[in-house]
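These notes are about the structure you will find just below.
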Amino acid sequence: MKSLKQYWVAEALERSLGNPFTPENPLSFQHMATLDEQEVFPEAEIKGLYDWGLQHYYIPTDCGGKFTSFEEFVAFVRVLSRRDLNTAIAFTTMFWSFLTWMAGTETQKQQLARFMQDDYGTMCLAYSEREHGSDLVGGSLVGEKVPGGYRLTGEKWPINRATRSEITFVLARTDKAGGNRGLSLFMLDKRALDPTSFGNNPKIKTHGIRGADMSGIYFEDCFVPDEMLLGKEGQGLELALKGFQITRALCAAFSQGSADTCLRTTLNFALNRQLYGKTVWDMPHPRRVLVNGFLDILACDCVNIAAARGFHVAPRQFSVWSAVDKYFVPVTLEKMQQDISVVLGARFYMRDEHDYGVFQKMLRDSSIISVFDGSSVVNLHALILQRRQLAKARSRRKPKDLVALQARLRNSFNLTTELPTFDPSQLDLIARGTDDVPQGLESALATLEALGNPLDIDENVLDCLKQQYQQFLQVLDEQDEAIVDGAFEHGHDQSFEAFEEAKRYCYIHAATTCLHMWLHNRSQLGDFFAQGKWLVLCADRLLAQLTPEQPAIPLAYYETVAEELLRLHGADKMLSIVPFQLAPRTSSVNASAPIKSPAPILQV
């Protein structure tokens, strides 16, 4: 397997933190479970990550930071998330800084960069309101224009890190006439405001991430100077929606870290629990359940890594890609965690009987992810509004577009291809009928047909893939035809059937992403990846969501995947298509000493 430098930071962070199963390590499962029981914010753990220098990887290089790619970003977020979602989410509220990198003045960018690097500062997002939820246009917090600035009045709730964050991004109505251009976005530095004109609501008790600083913020005729306006007046909704395109895809990394831990701790149990004269792993049903969980992780891995790379290659398509990613990955992995819980039996319900109760904690904590930054319903709605254009674009695609499409797919999916610098100005509110992933399905099928040499790939694997992806193409064509011929459903009155069709589009998009990832990386991600048996099984699971007619799959394929799952687990590798090295189970660090960032010299 080739060395991939975009995973060095994740490996370095892993090595510094040590294995989470070792109680004395920072962010160990035992310690974080104790904080969770006490509903305590992870103050020392957050400071340790600052001391390590992780905040620099949230700041672009042109602003003095070390952020180079979203692929690198999602890898180290998975490292944090597999240990403790509360800490990972609390620290990663810093990704809202991308609003400033996207729309801020040079002065605002430099001020924010220094605040994050030197002051160990972070920020929160104040968009939603108690009475309006996801209806941002209906928000009632008002920003009245006055000489030299604005006066804010109203409340935002619920907000993660509302009380502890010194910087707050606030969406306010600055035009009484309302409408999409009636909202403006402010980057408020609470330290520079009159403390008598704003305040925070009490902490909200939550089922998961129980130590989170979850509260709200209110303003009472609070003067905000002009220099705290982000972008232009009336541009707030546009910036908010573009910001969601970034954070929705990044939120999926939280789910991936949680899923890795849930599968890993359940496998620990299955390998060591003796029943009826054998281990639980030796029993066909639990072994298949765990293998299916691993397959779900691999499929989601393809979707999220491709999205992370796609930001750099095809940012104009992210109103679609981010919605698919944010719907598919958290929903799939949340269900996966529920499915594998049966293997734990009664221990699934016990808080400290097995591996410090980390499975149940992860399950509770991860349930919030599908709600973050637009719920699953909101993301499906975003797809519904664009499906008609996407369907029409596929019907009128031209051969001359194929070369450019294939070049974008190669850059998005070939993990050894150098990514261009992310340009947030290229984000668009709608994809204008372009989604490279399914639009490249026919081209990918043609590539499959060219893989006819039996020395290159097992003929049975190739035959299965051809049959499966012809079926995906048929379902996509049928869906496109029905959408083009049907009536467009406006506003928020979409039918139940429209949402179901949007889900089906996500399954097609995910399955095709897996195929593109395999075709572009067969020579560089190891023998297991190259053989493609995992891909056949992932496609089979996704095709089952679309049609009852599926090609027969040899049972031996499941055993191949089971062997890989055991191999990665035994070698302390991330359960991933890019199984980078995790801290070995025997590793420990001095928990009382600050964690320091080593030079990234590790190999994938």
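So you can find residues: chains in the structure tokens are A, B, ... in the order shown, residues in each start at 1, and ligands are numbered from 1 in order.
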
Subject >> Expected answer as a PyMOL selection string: strand (DSSP E) residues in range 153-216 of chain A >> reply: chain A and resi 153-160+167-173+183-189+198-200+214-216

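Shell of Leu427 in chain A at 9 Å, with only C-alpha atoms counted and residues fewer than 3 places along the chain excluded, is Lys242, Gln245, Phe311, Ala314, Pro315, Arg316, Gln317, Phe318, Ser319, Asp423, Pro424 and Ile430 of chain A.
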
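The nearest approach to Met214 in chain A among the residues A:Val289, A:Leu125, A:Leu542, A:Leu565, with only C-alpha atoms taken into account, belongs to A:Leu125.
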
Subject >> Non-local contacts of Ala482 in chain A (12 Å; only C-alpha atoms; under 2 positions in same chain excluded) as a list in words >> reply: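 Answer for this query is Arg387, Arg388, Ala391, Lys392, Val475, Leu476, Asp477, Glu478, Gln479, Asp480, Val484, Asp485, Gly486, Ala487, Phe488, Glu497, Ala498 and Glu501 of chain A.
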
Writer output for current selection, N, CA, C and O atoms, as a compact mmCIF listing (two decimals), in the first residue's frame:
# COMPACT_ATOMS: atom_id res chain seq x y z
N ARG A 387 -33.43 17.57 -8.01
CA ARG A 387 -33.47 16.33 -8.76
C ARG A 387 -33.97 16.53 -10.20
O ARG A 387 -33.51 15.86 -11.13
N ARG A 388 -34.89 17.43 -10.40
CA ARG A 388 -35.41 17.64 -11.76
C ARG A 388 -34.32 18.13 -12.70
O ARG A 388 -34.17 17.63 -13.82
N ALA A 391 -31.87 15.27 -13.38
CA ALA A 391 -32.42 14.30 -14.33
C ALA A 391 -32.36 14.83 -15.76
O ALA A 391 -32.00 14.11 -16.69
N LYS A 392 -32.71 16.08 -15.94
CA LYS A 392 -32.68 16.67 -17.29
C LYS A 392 -31.25 16.75 -17.81
O LYS A 392 -31.00 16.52 -19.01
N VAL A 475 -32.18 1.63 -12.59
CA VAL A 475 -33.00 2.31 -11.57
C VAL A 475 -32.86 3.81 -11.71
O VAL A 475 -33.85 4.56 -11.62
N LEU A 476 -31.64 4.29 -11.94
CA LEU A 476 -31.41 5.73 -12.10
C LEU A 476 -32.14 6.26 -13.32
O LEU A 476 -32.78 7.32 -13.26
N ASP A 477 -32.07 5.55 -14.43
CA ASP A 477 -32.76 5.99 -15.65
C ASP A 477 -34.26 6.05 -15.43
O ASP A 477 -34.93 7.00 -15.86
N GLU A 478 -34.80 5.05 -14.77
CA GLU A 478 -36.25 5.02 -14.51
C GLU A 478 -36.66 6.16 -13.59
O GLU A 478 -37.70 6.79 -13.79
N GLN A 479 -35.84 6.42 -12.57
CA GLN A 479 -36.15 7.51 -11.65
C GLN A 479 -36.08 8.85 -12.36
O GLN A 479 -36.97 9.71 -12.20
N ASP A 480 -35.05 9.05 -13.18
CA ASP A 480 -34.92 10.30 -13.93
C ASP A 480 -36.12 10.54 -14.84
O ASP A 480 -36.67 11.64 -14.92
N VAL A 484 -38.67 13.75 -14.59
CA VAL A 484 -38.82 14.70 -15.70
C VAL A 484 -40.26 14.77 -16.16
O VAL A 484 -40.78 15.85 -16.48
N ASP A 485 -40.94 13.63 -16.19
CA ASP A 485 -42.32 13.58 -16.67
C ASP A 485 -43.33 14.01 -15.61
O ASP A 485 -44.48 14.33 -15.93
N GLY A 486 -42.92 14.00 -14.33
CA GLY A 486 -43.84 14.33 -13.26
C GLY A 486 -43.93 15.82 -13.01
O GLY A 486 -43.20 16.63 -13.59
N ALA A 487 -44.84 16.19 -12.12
CA ALA A 487 -45.03 17.60 -11.76
C ALA A 487 -44.02 18.00 -10.70
O ALA A 487 -43.70 17.22 -9.80
N PHE A 488 -43.50 19.21 -10.82
CA PHE A 488 -42.53 19.70 -9.83
C PHE A 488 -43.28 20.12 -8.57
O PHE A 488 -44.29 20.81 -8.63
N GLU A 497 -43.57 10.41 -1.15
CA GLU A 497 -42.91 9.67 -2.23
C GLU A 497 -41.67 10.41 -2.74
O GLU A 497 -40.67 9.77 -3.10
N ALA A 498 -41.71 11.73 -2.76
CA ALA A 498 -40.55 12.50 -3.21
C ALA A 498 -39.37 12.30 -2.28
O ALA A 498 -38.21 12.20 -2.72
N GLU A 501 -37.88 8.91 -2.98
CA GLU A 501 -37.05 8.94 -4.19
C GLU A 501 -35.71 9.60 -3.93
O GLU A 501 -34.68 9.20 -4.48

**OP:** Please provide as a list of chain:residue names all residues within 9 Å of range 42-49 of chain A, with the sequence filter that same-chain residues fewer than 5 positions apart are discarded (counting only C-alpha atoms).
**Re:**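 Listing them by chain and then by number gives A:Pro26, A:Leu27, A:Met32, A:Leu35, A:Leu54, A:Gln55, A:Asn86, A:Thr87, A:Ala88, A:Ala90, A:Phe91, A:Tyr120, A:Gly211, A:Ala212, A:Pro594, A:Ile595, A:Lys596.
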
Compile the contact shell of range 164-172 of chain A as a short mmCIF file (atom, residue, chain, number, x, y, z; two decimals) with C-alpha atoms, in the first residue's frame: residues with an atom at most 6 Å away, counting only C-alpha atoms, same-chain residues fewer than 4 positions apart removed.
data_model
loop_
_atom_site.label_atom_id
_atom_site.label_comp_id
_atom_site.auth_asym_id
_atom_site.auth_seq_id
_atom_site.Cartn_x
_atom_site.Cartn_y
_atom_site.Cartn_z
CA THR A 122 -13.21 28.86 19.30
CA MET A 123 -16.59 29.89 17.96
CA CYS A 124 -20.22 28.81 17.82
CA LEU A 125 -23.05 29.11 15.33
CA ALA A 126 -26.22 30.99 16.29
CA TYR A 127 -28.71 30.30 13.50
CA LEU A 141 -33.74 38.00 15.84
CA VAL A 142 -33.50 41.56 14.49
CA GLY A 143 -30.45 43.63 13.59
CA LEU A 183 -30.80 38.27 6.62
CA SER A 184 -27.23 39.25 7.45
CA LEU A 185 -24.42 37.37 9.15
CA PHE A 186 -22.30 38.77 11.97
CA MET A 187 -19.04 37.53 13.47
CA LEU A 188 -19.50 38.79 17.00
CA ASP A 189 -16.62 39.02 19.44
CA LYS A 190 -18.47 38.89 22.75
#
